[in-house]
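Coordinates as given in final_18.cif (mmCIF, C-alpha atoms and all ligand atoms):
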data_model
#
loop_
_atom_site.label_atom_id
_atom_site.label_comp_id
_atom_site.auth_asym_id
_atom_site.auth_seq_id
_atom_site.Cartn_x
_atom_site.Cartn_y
_atom_site.Cartn_z
CA MET A 1 14.41 85.94 8.64
CA ALA A 2 15.54 82.36 8.02
CA LYS A 3 19.01 81.28 9.16
CA SER A 4 18.31 77.83 7.85
CA SER A 5 16.05 76.93 4.95
CA ARG A 6 14.14 74.88 7.57
CA ASP A 7 12.75 78.17 8.91
CA LEU A 8 11.26 79.20 5.55
CA PRO A 9 7.47 79.30 5.25
CA SER A 10 6.41 75.99 3.71
CA SER A 11 4.96 77.64 0.58
CA SER A 12 8.33 79.24 -0.23
CA ALA A 13 10.22 76.06 0.60
CA ASP A 14 7.93 74.14 -1.78
CA SER A 15 8.38 76.52 -4.66
CA ILE A 16 12.15 76.58 -4.13
CA LEU A 17 12.22 72.79 -4.14
CA ASP A 18 10.17 72.69 -7.33
CA ARG A 19 12.54 75.12 -9.02
CA LEU A 20 15.57 73.17 -7.85
CA SER A 21 14.01 69.97 -9.17
CA ARG A 22 13.90 71.58 -12.63
CA PHE A 23 17.43 72.94 -12.42
CA SER A 24 20.21 71.61 -14.64
CA ILE A 25 23.60 72.75 -15.84
CA GLU A 26 25.72 71.54 -18.75
CA VAL A 27 29.24 70.18 -18.27
CA PRO A 28 31.99 70.73 -20.86
CA SER A 29 33.68 67.72 -22.47
CA TRP A 30 37.00 69.57 -22.20
CA GLY A 31 36.72 69.65 -18.43
CA PHE A 32 37.46 65.92 -18.29
CA ALA A 33 40.58 65.76 -20.46
CA ASP A 34 44.15 66.63 -19.53
CA THR A 35 44.45 70.36 -19.91
CA GLY A 36 47.04 72.83 -18.81
CA THR A 37 48.37 76.30 -19.00
CA ARG A 38 50.39 77.74 -21.84
CA PHE A 39 53.43 76.64 -19.84
CA GLY A 40 52.57 72.97 -19.75
CA LYS A 41 50.23 70.28 -18.57
CA PHE A 42 50.04 68.17 -15.46
CA LEU A 43 48.77 64.79 -16.53
CA GLN A 44 46.30 62.73 -14.52
CA PRO A 45 45.97 58.96 -14.84
CA ALA A 46 42.15 59.14 -14.63
CA ALA A 47 41.80 61.95 -17.19
CA ALA A 48 39.68 61.11 -20.22
CA VAL A 49 41.64 59.88 -23.23
CA ASP A 50 38.88 60.17 -25.81
CA LEU A 51 35.29 61.29 -26.24
CA GLU A 52 33.90 58.05 -24.89
CA ASP A 53 35.81 58.59 -21.62
CA LYS A 54 34.54 62.17 -21.43
CA LEU A 55 30.96 60.99 -21.89
CA ALA A 56 31.49 58.28 -19.28
CA ASP A 57 32.79 60.88 -16.81
CA ALA A 58 29.91 63.21 -17.57
CA GLY A 59 27.58 60.26 -17.01
CA ALA A 60 29.19 59.59 -13.63
CA VAL A 61 28.78 63.25 -12.65
CA HIS A 62 25.13 63.17 -13.68
CA ALA A 63 24.53 59.85 -11.91
CA HIS A 64 25.73 61.44 -8.66
CA THR A 65 24.05 64.84 -9.02
CA ALA A 66 21.06 64.38 -11.39
CA ILE A 67 21.59 67.97 -12.55
CA THR A 68 24.07 67.61 -15.43
CA PRO A 69 22.16 65.79 -18.18
CA THR A 70 24.03 67.36 -21.11
CA VAL A 71 27.63 67.66 -22.28
CA ALA A 72 29.00 70.51 -24.38
CA VAL A 73 31.29 69.36 -27.17
CA HIS A 74 34.10 71.21 -28.93
CA VAL A 75 34.03 70.14 -32.55
CA LEU A 76 37.74 69.74 -33.31
CA TRP A 77 38.69 68.43 -29.89
CA ASP A 78 35.89 65.88 -29.71
CA PHE A 79 35.50 64.94 -33.37
CA PRO A 80 39.09 65.16 -34.65
CA ASP A 81 38.34 62.59 -37.36
CA GLY A 82 34.96 64.04 -38.30
CA PHE A 83 31.56 63.78 -36.68
CA ASP A 84 30.12 60.32 -36.22
CA PRO A 85 26.37 60.34 -35.48
CA ARG A 86 26.81 57.21 -33.35
CA VAL A 87 27.97 59.59 -30.64
CA VAL A 88 24.32 60.23 -29.84
CA ARG A 89 23.84 56.61 -28.83
CA LEU A 90 27.18 56.55 -27.06
CA ALA A 91 26.11 59.49 -24.90
CA ASP A 92 22.76 57.85 -24.25
CA GLY A 93 24.56 54.72 -23.08
CA HIS A 94 26.26 56.84 -20.43
CA GLY A 95 23.01 58.49 -19.36
CA VAL A 96 23.69 61.92 -20.89
CA ARG A 97 22.94 63.86 -24.08
CA ILE A 98 25.08 66.03 -26.34
CA GLY A 99 24.44 69.67 -25.50
CA SER A 100 25.88 72.81 -27.01
CA ILE A 101 28.08 72.56 -30.07
CA ASN A 102 31.26 74.64 -29.99
CA PRO A 103 32.87 75.22 -33.37
CA ASN A 104 36.62 75.80 -33.31
CA LEU A 105 37.75 78.91 -35.15
CA PHE A 106 41.07 79.36 -33.43
CA GLN A 107 43.29 76.37 -33.98
CA ASP A 108 43.90 76.17 -37.71
CA GLN A 109 47.01 77.91 -39.01
CA CYS A 110 44.91 79.93 -41.42
CA TYR A 111 43.29 81.78 -38.50
CA ARG A 112 46.51 83.50 -37.44
CA PHE A 113 45.00 86.86 -38.42
CA GLY A 114 41.41 86.02 -37.65
CA SER A 115 38.58 83.74 -38.78
CA ILE A 116 35.36 85.49 -39.73
CA THR A 117 37.15 88.83 -39.43
CA ASN A 118 40.10 87.82 -41.61
CA ARG A 119 40.85 90.21 -44.48
CA ASP A 120 41.09 87.17 -46.80
CA ALA A 121 37.59 86.23 -48.02
CA ASP A 122 38.63 82.60 -48.60
CA ILE A 123 39.60 82.23 -44.96
CA ARG A 124 36.36 83.86 -43.85
CA ASP A 125 34.47 81.40 -46.04
CA GLN A 126 36.37 78.47 -44.56
CA ALA A 127 35.43 79.66 -41.07
CA ILE A 128 31.77 80.06 -42.03
CA ARG A 129 31.74 76.59 -43.60
CA HIS A 130 33.10 75.09 -40.38
CA VAL A 131 30.34 76.76 -38.37
CA LEU A 132 27.71 75.61 -40.87
CA ASP A 133 29.06 72.07 -40.50
CA SER A 134 28.67 72.55 -36.75
CA VAL A 135 25.03 73.56 -37.27
CA GLU A 136 24.57 70.29 -39.13
CA ILE A 137 26.15 68.44 -36.18
CA ALA A 138 23.70 70.22 -33.86
CA ARG A 139 20.86 69.01 -36.08
CA GLN A 140 22.07 65.43 -35.83
CA THR A 141 22.66 65.52 -32.08
CA GLY A 142 19.41 67.33 -31.41
CA SER A 143 21.31 70.20 -29.79
CA GLN A 144 19.63 73.53 -29.36
CA ASP A 145 22.68 75.70 -28.86
CA LEU A 146 25.49 76.70 -31.17
CA SER A 147 28.01 78.31 -28.88
CA LEU A 148 30.38 80.69 -30.61
CA TRP A 149 33.59 81.94 -29.12
CA LEU A 150 35.68 83.96 -31.54
CA ALA A 151 39.34 84.26 -30.62
CA ASP A 152 39.70 86.86 -33.35
CA GLY A 153 41.56 90.04 -32.59
CA THR A 154 44.84 91.84 -33.16
CA ASN A 155 48.04 92.20 -31.20
CA TYR A 156 49.28 95.64 -32.20
CA PRO A 157 47.85 99.09 -32.81
CA GLY A 158 47.58 99.75 -36.52
CA GLN A 159 47.55 96.06 -37.41
CA ALA A 160 44.03 96.04 -38.86
CA ASP A 161 40.98 98.13 -39.64
CA ILE A 162 38.70 97.76 -36.62
CA ARG A 163 35.52 98.71 -38.48
CA ALA A 164 36.23 96.48 -41.48
CA ARG A 165 36.65 93.51 -39.16
CA LYS A 166 33.38 94.34 -37.42
CA ARG A 167 31.54 94.39 -40.75
CA CYS A 168 33.03 91.05 -41.84
CA ALA A 169 31.95 89.43 -38.57
CA THR A 170 28.45 90.88 -38.89
CA ASP A 171 28.07 89.46 -42.42
CA ALA A 172 29.33 86.05 -41.35
CA LEU A 173 27.07 85.85 -38.31
CA ARG A 174 24.05 86.72 -40.42
CA GLN A 175 24.82 83.88 -42.82
CA ILE A 176 25.25 81.48 -39.91
CA HIS A 177 22.10 82.70 -38.22
CA ASP A 178 20.11 82.10 -41.38
CA ALA A 179 21.20 78.47 -41.42
CA LEU A 180 19.81 77.78 -37.93
CA ASP A 181 16.63 75.78 -37.47
CA GLU A 182 13.67 77.44 -35.81
CA GLU A 183 14.34 76.04 -32.34
CA MET A 184 18.11 76.63 -32.37
CA ARG A 185 19.98 79.43 -30.63
CA MET A 186 23.25 81.04 -31.51
CA LEU A 187 25.14 82.10 -28.40
CA ILE A 188 27.78 84.77 -28.87
CA GLU A 189 30.52 84.85 -26.25
CA TYR A 190 32.80 87.80 -25.58
CA LYS A 191 36.21 88.10 -23.98
CA PRO A 192 38.27 91.24 -23.45
CA PHE A 193 41.68 89.72 -24.19
CA GLU A 194 43.51 86.48 -24.95
CA PRO A 195 44.64 85.16 -27.28
CA ALA A 196 44.65 88.62 -28.86
CA TRP A 197 46.31 91.26 -26.70
CA TYR A 198 45.58 94.59 -28.34
CA PHE A 199 41.92 94.02 -29.01
CA THR A 200 39.56 91.15 -29.45
CA ASP A 201 36.76 91.68 -31.96
CA PHE A 202 34.14 90.34 -29.53
CA PHE A 203 35.46 92.22 -26.56
CA ASP A 204 32.55 92.90 -24.22
CA TRP A 205 28.82 92.40 -23.70
CA GLY A 206 28.03 95.49 -25.77
CA SER A 207 29.88 94.20 -28.80
CA ALA A 208 28.32 90.74 -28.40
CA TYR A 209 24.91 92.40 -28.07
CA ILE A 210 25.36 94.38 -31.28
CA PHE A 211 26.60 91.33 -33.18
CA ALA A 212 23.66 89.28 -31.87
CA ARG A 213 21.12 92.00 -32.65
CA ASP A 214 22.41 92.33 -36.20
CA ALA A 215 22.57 88.57 -36.77
CA GLY A 216 18.91 87.91 -36.01
CA GLU A 217 16.41 86.95 -33.36
CA ARG A 218 17.91 83.55 -32.56
CA ALA A 219 21.24 85.11 -31.61
CA LYS A 220 21.84 85.93 -27.94
CA VAL A 221 24.73 86.89 -25.71
CA LEU A 222 26.72 84.32 -23.76
CA VAL A 223 28.23 85.57 -20.50
CA ASP A 224 31.36 83.67 -19.48
CA THR A 225 31.89 84.83 -15.91
CA GLY A 226 35.68 84.63 -16.32
CA HIS A 227 35.70 86.98 -19.30
CA HIS A 228 35.61 90.30 -17.51
CA LEU A 229 38.19 92.79 -16.43
CA SER A 230 38.70 93.11 -12.71
CA GLY A 231 35.99 95.06 -10.98
CA THR A 232 33.36 94.59 -13.70
CA ASN A 233 29.87 94.38 -12.24
CA ILE A 234 28.80 91.14 -13.92
CA GLU A 235 25.38 90.96 -12.31
CA GLN A 236 24.55 94.36 -13.75
CA ILE A 237 25.44 93.10 -17.22
CA VAL A 238 23.28 90.05 -16.59
CA ALA A 239 20.36 92.18 -15.42
CA TRP A 240 20.59 94.39 -18.51
CA LEU A 241 20.77 91.44 -20.87
CA ILE A 242 17.82 89.76 -19.18
CA ASP A 243 15.83 92.97 -19.46
CA GLU A 244 16.74 93.29 -23.12
CA ARG A 245 15.76 89.62 -23.72
CA MET A 246 19.30 89.14 -24.97
CA LEU A 247 20.80 86.81 -22.38
CA GLY A 248 21.42 83.46 -24.07
CA GLY A 249 23.29 81.72 -21.32
CA PHE A 250 26.29 81.42 -19.07
CA HIS A 251 29.69 79.82 -19.03
CA PHE A 252 30.34 79.54 -15.31
CA ASN A 253 33.72 79.52 -13.65
CA ASP A 254 35.51 81.75 -11.18
CA ARG A 255 38.50 84.01 -11.59
CA LYS A 256 40.96 85.88 -9.46
CA TYR A 257 43.19 87.51 -12.04
CA ALA A 258 42.20 86.73 -15.62
CA ASP A 259 40.35 83.92 -17.40
CA ASP A 260 41.48 81.53 -14.68
CA ASP A 261 38.83 78.83 -15.24
CA LEU A 262 38.61 78.23 -11.49
CA THR A 263 35.79 76.38 -9.76
CA VAL A 264 32.60 78.42 -9.42
CA GLY A 265 32.47 80.06 -6.02
CA SER A 266 36.04 79.18 -5.12
CA ILE A 267 37.07 82.84 -5.07
CA ASP A 268 33.91 84.88 -4.84
CA PRO A 269 30.76 82.90 -4.05
CA TYR A 270 28.86 86.11 -3.31
CA GLN A 271 29.40 87.26 -6.86
CA ALA A 272 27.93 84.02 -8.22
CA PHE A 273 25.04 84.47 -5.78
CA ARG A 274 24.45 88.04 -7.00
CA ILE A 275 24.32 86.80 -10.59
CA PHE A 276 21.85 84.05 -9.64
CA ASN A 277 19.88 86.64 -7.72
CA GLU A 278 19.23 88.54 -10.96
CA VAL A 279 17.94 85.36 -12.59
CA ALA A 280 15.83 84.48 -9.55
CA ALA A 281 14.40 88.01 -9.36
CA TRP A 282 13.27 87.86 -13.00
CA GLU A 283 11.77 84.41 -12.49
CA HIS A 284 9.92 85.62 -9.41
CA GLU A 285 8.45 88.59 -11.29
CA SER A 286 7.52 86.70 -14.42
CA GLY A 287 6.40 83.44 -12.80
CA ARG A 288 8.42 81.27 -15.18
CA ASP A 289 11.91 79.87 -15.64
CA LEU A 290 14.34 81.98 -17.62
CA ASP A 291 15.05 80.08 -20.83
CA ILE A 292 18.82 80.28 -21.01
CA ALA A 293 21.73 77.84 -21.29
CA TRP A 294 23.43 77.15 -17.95
CA MET A 295 26.87 75.80 -18.72
CA ILE A 296 30.12 75.21 -16.89
CA ASP A 297 33.31 76.25 -18.66
CA GLN A 298 36.19 75.14 -16.50
CA SER A 299 39.34 73.14 -17.07
CA HIS A 300 40.82 71.66 -13.96
CA ASN A 301 44.56 71.53 -14.18
CA ILE A 302 45.21 70.44 -10.61
CA LYS A 303 41.98 68.93 -9.32
CA PRO A 304 40.75 65.48 -10.34
CA LYS A 305 38.40 66.24 -13.20
CA ALA A 306 35.13 64.49 -12.34
CA GLN A 307 35.41 65.47 -8.68
CA ALA A 308 35.89 69.09 -9.67
CA MET A 309 32.85 68.90 -11.92
CA ILE A 310 30.65 67.45 -9.17
CA GLN A 311 31.94 70.05 -6.74
CA THR A 312 31.11 72.80 -9.26
CA ALA A 313 27.63 71.56 -10.17
CA CYS A 314 26.74 71.21 -6.48
CA ARG A 315 28.13 74.66 -5.68
CA VAL A 316 26.06 76.25 -8.44
CA GLN A 317 22.98 74.40 -7.20
CA GLU A 318 23.66 75.60 -3.66
CA LEU A 319 24.25 79.23 -4.63
CA PHE A 320 21.17 79.25 -6.86
CA ALA A 321 19.18 77.79 -3.94
CA LYS A 322 20.41 80.67 -1.78
CA ALA A 323 19.33 83.18 -4.44
CA LEU A 324 15.89 81.56 -4.45
CA CYS A 325 15.75 82.19 -0.69
CA VAL A 326 15.78 85.98 -1.10
CA ASP A 327 12.63 87.34 0.50
CA ARG A 328 11.38 89.32 -2.52
CA GLU A 329 8.51 91.01 -0.69
CA ARG A 330 10.80 92.22 2.06
CA LEU A 331 13.32 93.39 -0.54
CA SER A 332 10.68 95.35 -2.47
CA ALA A 333 9.37 96.94 0.70
CA ALA A 334 12.88 97.94 1.75
CA ARG A 335 13.54 99.45 -1.65
CA ALA A 336 10.25 101.32 -1.67
CA ALA A 337 11.15 102.82 1.73
CA GLU A 338 14.70 103.63 0.52
CA ASP A 339 15.88 101.46 3.39
CA THR A 340 19.26 100.53 1.97
CA VAL A 341 20.35 98.55 5.00
CA ALA A 342 17.24 96.36 4.97
CA ALA A 343 17.50 95.88 1.22
CA GLU A 344 21.09 94.74 1.46
CA GLU A 345 20.22 92.54 4.43
CA ALA A 346 17.57 90.78 2.34
CA LEU A 347 20.36 89.63 0.03
CA GLN A 348 22.89 88.89 2.74
CA LYS A 349 20.44 86.92 4.86
CA ALA A 350 19.66 84.73 1.87
CA PHE A 351 23.33 84.31 1.06
CA TYR A 352 24.09 83.18 4.61
CA THR A 353 21.04 80.89 4.84
CA ASP A 354 21.99 77.27 5.37
CA VAL A 355 20.32 75.60 2.39
CA ALA A 356 21.56 72.10 3.27
CA PRO A 357 18.04 70.92 4.26
CA LEU A 358 16.69 72.03 0.85
CA LEU A 359 19.52 70.29 -0.98
CA THR A 360 19.02 67.11 1.01
CA GLU A 361 15.35 67.10 0.09
CA VAL A 362 15.90 67.88 -3.58
CA ARG A 363 18.52 65.14 -3.85
CA ARG A 364 16.15 62.72 -2.16
CA ARG A 365 13.49 63.61 -4.75
CA LEU A 366 16.00 63.24 -7.59
CA GLY A 367 17.24 59.94 -6.23
CA VAL A 368 20.91 60.82 -5.79
CA PRO A 369 23.20 60.68 -2.74
CA GLU A 370 22.84 63.41 -0.16
CA ASP A 371 26.55 64.18 -0.56
CA PRO A 372 27.28 63.56 -4.25
CA LEU A 373 30.96 64.44 -4.01
CA GLU A 374 31.68 62.15 -1.09
CA ALA A 375 29.67 59.32 -2.68
CA PHE A 376 31.69 59.71 -5.87
CA ARG A 377 34.98 59.77 -3.97
CA GLN A 378 34.00 56.51 -2.26
CA SER A 379 32.73 54.88 -5.45
CA GLY A 380 36.10 53.71 -6.81
CA TYR A 381 35.21 55.20 -10.24
CA GLU A 382 38.38 57.24 -10.44
CA GLN A 383 40.67 54.36 -9.52
CA ASP A 384 39.04 52.11 -12.14
CA ALA A 385 39.22 54.86 -14.75
CA ALA A 386 42.91 55.40 -14.01
CA LYS A 387 43.65 51.72 -14.66
CA THR A 388 41.71 51.35 -17.89
CA ARG A 389 42.81 54.72 -19.23
CA GLN A 390 46.49 54.10 -18.56
CA ALA A 391 46.14 50.86 -20.49
CA LYS A 392 44.33 52.68 -23.28
CA ARG A 393 47.06 55.32 -23.48
CA GLU A 394 49.74 52.67 -23.71
CA ALA A 395 47.84 50.81 -26.40
CA LEU A 396 47.55 54.07 -28.30
CA GLY A 397 51.27 54.65 -27.91
CA HIS A 398 51.11 57.89 -25.97
CA PRO A 399 51.45 56.86 -22.35
CA GLY A 400 52.22 60.47 -21.43
CA GLY A 401 48.59 61.49 -21.95
CA GLY A 402 46.68 63.49 -24.49
CA SER A 403 45.76 67.08 -25.06
CA TYR A 404 42.52 69.06 -24.93
CA ALA A 405 41.38 66.64 -27.66
C1 LIG A 501 37.60 80.76 -24.17
O1 LIG A 501 38.37 81.22 -23.11
C2 LIG A 501 36.47 79.89 -23.68
O2 LIG A 501 35.81 80.51 -22.62
C3 LIG A 501 35.50 79.55 -24.80
O3 LIG A 501 34.21 79.33 -24.30
C4 LIG A 501 36.07 78.27 -25.32
O4 LIG A 501 35.15 77.52 -26.06
C5 LIG A 501 36.47 77.59 -24.04
O5 LIG A 501 36.96 78.65 -23.21
C6 LIG A 501 37.50 76.54 -24.26
O6 LIG A 501 38.22 76.21 -23.12
MN MN A 502 33.72 80.21 -22.25
#

Just give me the structure of the file as structure tokens.
Ligand code: PSV
Ligand code: MN
Amino acid sequence: MAKSSRDLPSSSADSILDRLSRFSIEVPSWGFADTGTRFGKFLQPAAAVDLEDKLADAGAVHAHTAITPTVAVHVLWDFPDGFDPRVVRLADGHGVRIGSINPNLFQDQCYRFGSITNRDADIRDQAIRHVLDSVEIARQTGSQDLSLWLADGTNYPGQADIRARKRCATDALRQIHDALDEEMRMLIEYKPFEPAWYFTDFFDWGSAYIFARDAGERAKVLVDTGHHLSGTNIEQIVAWLIDERMLGGFHFNDRKYADDDLTVGSIDPYQAFRIFNEVAAWEHESGRDLDIAWMIDQSHNIKPKAQAMIQTACRVQELFAKALCVDRERLSAARAAEDTVAAEEALQKAFYTDVAPLLTEVRRRLGVPEDPLEAFRQSGYEQDAAKTRQAKREALGHPGGGSYA
């Protein structure tokens, strides 16, 4: 069994390289701006001040990795003064495209008691209109994915009728689904708590599945790896959703306690590997790539933003490469013989395989530095950005830095 990807049979190494050459993952615009915790923000001079800076940073990440061609946008944070279609050209100028569109149904005062689950029909309509406007934005940016995270929920037992809220959400999602173009997808994200503390309406994969099923065939479930209670077996959820043809995509990050938004693999790289292993297993069986949205959802409060994004994208690429190294024949044989040790070893051997030679080769093919993070750190990009962005902040009259927007 291979200790290094150099020891792989050349046919497997070739197919792994081909798959890695087709691999890409979306970065979130909000990962480049100053963000913080609910207790405050630590500002960074090189943090993006506006959407153009975020696109420039995403462009720099893509230029160093060649695997992050698209940028997710959050409608109110990125288009606070309304959507301007010139953003498509702006992104193009930085070598990236606009990816998933994230409506914002949690910031307006009217959503205090919910958006599409609100008992007030006018507020529900306002929420639906905002999402329909977001569908129009997706049309203009050529985006395939409408990514819905509903912060809706309640804080106290007795506060609201759980079933009535479920029915309101179902109606709203159907209306939104019907407005999608043929090639669009509606991704429904779940989260067990926060900002609501008694229950969230979209609380787990089962609820997201039911909402997606009832909305229509273009609706799928979005798994944010940080949105699980401790001990949840995320790869099992992923395997079930894949099998049900209901996995729409991922929001990757890592967590230790709650929705910590930490760098993928910083706490539990084996968990990320096990998730990728489910994707790789399906791809091996079906002989094609799984058509899902791979997205990063992290906000880096302490780390320099673009560095953290490069580190993340490369870590995902590395862990996916390891999952592609699983010897599927050996694994099947071990399972068939009920040889639990050998079956587990098939996974562990792949996880501990040094995939550096594969990554070097794929980066050579993609025309990017062998060590994207180090090349970026040496490039001077961050220092230049800090200078121009400080000047921009002062010109805008808020030298202290911005917000998520
Ligand atoms: C909510 O915690 C979430 O995961 C949703 O995807 C939001 O769009 C994103 O984070 C914003 O940071
Ligand atoms: Mn998310």

Taking all atoms listed in the file and a cut-off of 10 Å, can you tell me which residues surround ligand LIG 501 (chain A), written as a ChimeraX atom specification?
/A:28-31,35,72-75,77,101-106,147-151,188-191,193-195,222-227,250-253,259-261,295-299,404

Residue among A:Glu183, A:Asp201, A:Asp133, A:Asp327 lying closest to Asp161 (chain A), counting all atoms listed in the file:
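Nearest candidate to Asp161 (chain A) out of A:Glu183, A:Asp201, A:Asp133, A:Asp327: A:Asp201.
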
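Going from CA of Ala321 (chain A) to CA of Ala336 (chain A) covers 25.3 Å.
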
Looking at A:Leu241, A:Ala172, A:Ala121, A:Leu262, which one is nearest to ligand MN 502 (chain A), with distances taken over only C-alpha atoms and all ligand atoms?
A:Leu262

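The coordinates place CA of Gln271 (chain A) at 8.1 Å from CA of Ile234 (chain A).
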
Just checking: using all atoms listed in the file, which residue out of A:Arg174, A:Arg377, A:Gln140, A:Lys3 ends up closest to Ala346 (chain A)?
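That would be A:Lys3, the residue with the smallest distance to Ala346 (chain A).
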
What does the distance between CA of Gln383 (chain A) and CA of Leu76 (chain A) come to in Å, to one decimal place?
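It comes out at 28.5 Å.
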
For a quick check of understanding, using only C-alpha atoms and all ligand atoms, which of A:Tyr352, A:Tyr257, A:Trp294, A:Tyr156 has the smallest distance to ligand MN 502 (chain A)?
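Of all the options, A:Trp294 lies closest to ligand MN 502 (chain A).
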
Nearest to ligand MN 502 (chain A) among A:Ser100, A:Thr68, A:Ser143, A:Ser24, with distances taken over all atoms listed in the file: which residue is it?
A:Ser100

Polymer residues at most 8 Å from (28.1, 57.1, -19.8) by all atoms listed in the file, as a list of chain:residue names
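Those residues lying close to the given coordinates are A:Glu52, A:Leu55, A:Ala56, A:Asp57, A:Ala58, A:Gly59, A:Ala60, A:Leu90, A:Ala91, A:Asp92, A:Gly93, A:His94, A:Gly95, A:Val96.
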
Starting from the incomplete input, reconstruct N, CA and C atoms of region 245-262 of chain A and write that as an mmCIF file, in the coordinates of the input.
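Contents of selection18.cif, as written:
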data_model
loop_
_atom_site.group_PDB
_atom_site.id
_atom_site.type_symbol
_atom_site.label_atom_id
_atom_site.label_comp_id
_atom_site.auth_asym_id
_atom_site.auth_seq_id
_atom_site.Cartn_x
_atom_site.Cartn_y
_atom_site.Cartn_z
ATOM 1 N N ARG A 245 16.048 90.942 -23.114
ATOM 2 C CA ARG A 245 15.760 89.620 -23.720
ATOM 3 C C ARG A 245 16.928 89.156 -24.579
ATOM 4 N N MET A 246 18.133 89.477 -24.166
ATOM 5 C CA MET A 246 19.300 89.140 -24.970
ATOM 6 C C MET A 246 20.284 88.215 -24.254
ATOM 7 N N LEU A 247 19.905 87.752 -23.066
ATOM 8 C CA LEU A 247 20.800 86.810 -22.380
ATOM 9 C C LEU A 247 20.530 85.407 -22.942
ATOM 10 N N GLY A 248 21.579 84.806 -23.515
ATOM 11 C CA GLY A 248 21.420 83.460 -24.070
ATOM 12 C C GLY A 248 21.865 82.381 -23.097
ATOM 13 N N GLY A 249 22.817 82.726 -22.254
ATOM 14 C CA GLY A 249 23.290 81.720 -21.320
ATOM 15 C C GLY A 249 24.582 82.127 -20.648
ATOM 16 N N PHE A 250 25.070 81.185 -19.842
ATOM 17 C CA PHE A 250 26.290 81.420 -19.070
ATOM 18 C C PHE A 250 27.331 80.344 -19.336
ATOM 19 N N HIS A 251 28.571 80.735 -19.244
ATOM 20 C CA HIS A 251 29.690 79.820 -19.030
ATOM 21 C C HIS A 251 30.177 80.149 -17.627
ATOM 22 N N PHE A 252 29.942 79.246 -16.691
ATOM 23 C CA PHE A 252 30.340 79.540 -15.310
ATOM 24 C C PHE A 252 31.732 79.045 -14.990
ATOM 25 N N ASN A 253 32.414 79.847 -14.242
ATOM 26 C CA ASN A 253 33.720 79.520 -13.650
ATOM 27 C C ASN A 253 33.999 80.652 -12.680
ATOM 28 N N ASP A 254 35.137 80.617 -12.028
ATOM 29 C CA ASP A 254 35.510 81.750 -11.180
ATOM 30 C C ASP A 254 36.888 82.227 -11.603
ATOM 31 N N ARG A 255 37.204 83.441 -11.219
ATOM 32 C CA ARG A 255 38.500 84.010 -11.590
ATOM 33 C C ARG A 255 39.041 84.850 -10.448
ATOM 34 N N LYS A 256 40.368 84.933 -10.394
ATOM 35 C CA LYS A 256 40.960 85.880 -9.460
ATOM 36 C C LYS A 256 41.688 86.968 -10.230
ATOM 37 N N TYR A 257 42.381 86.545 -11.307
ATOM 38 C CA TYR A 257 43.190 87.510 -12.040
ATOM 39 C C TYR A 257 42.722 87.714 -13.488
ATOM 40 N N ALA A 258 42.546 86.606 -14.194
ATOM 41 C CA ALA A 258 42.200 86.730 -15.620
ATOM 42 C C ALA A 258 41.161 85.666 -15.936
ATOM 43 N N ASP A 259 41.306 84.984 -17.065
ATOM 44 C CA ASP A 259 40.350 83.920 -17.400
ATOM 45 C C ASP A 259 40.875 82.641 -16.758
ATOM 46 N N ASP A 260 40.776 82.571 -15.424
ATOM 47 C CA ASP A 260 41.480 81.530 -14.680
ATOM 48 C C ASP A 260 40.812 80.154 -14.727
ATOM 49 N N ASP A 261 39.555 80.112 -15.165
ATOM 50 C CA ASP A 261 38.830 78.830 -15.240
ATOM 51 C C ASP A 261 38.757 78.105 -13.894
ATOM 52 N N LEU A 262 38.682 78.851 -12.813
ATOM 53 C CA LEU A 262 38.610 78.230 -11.490
ATOM 54 C C LEU A 262 37.186 77.775 -11.181
#
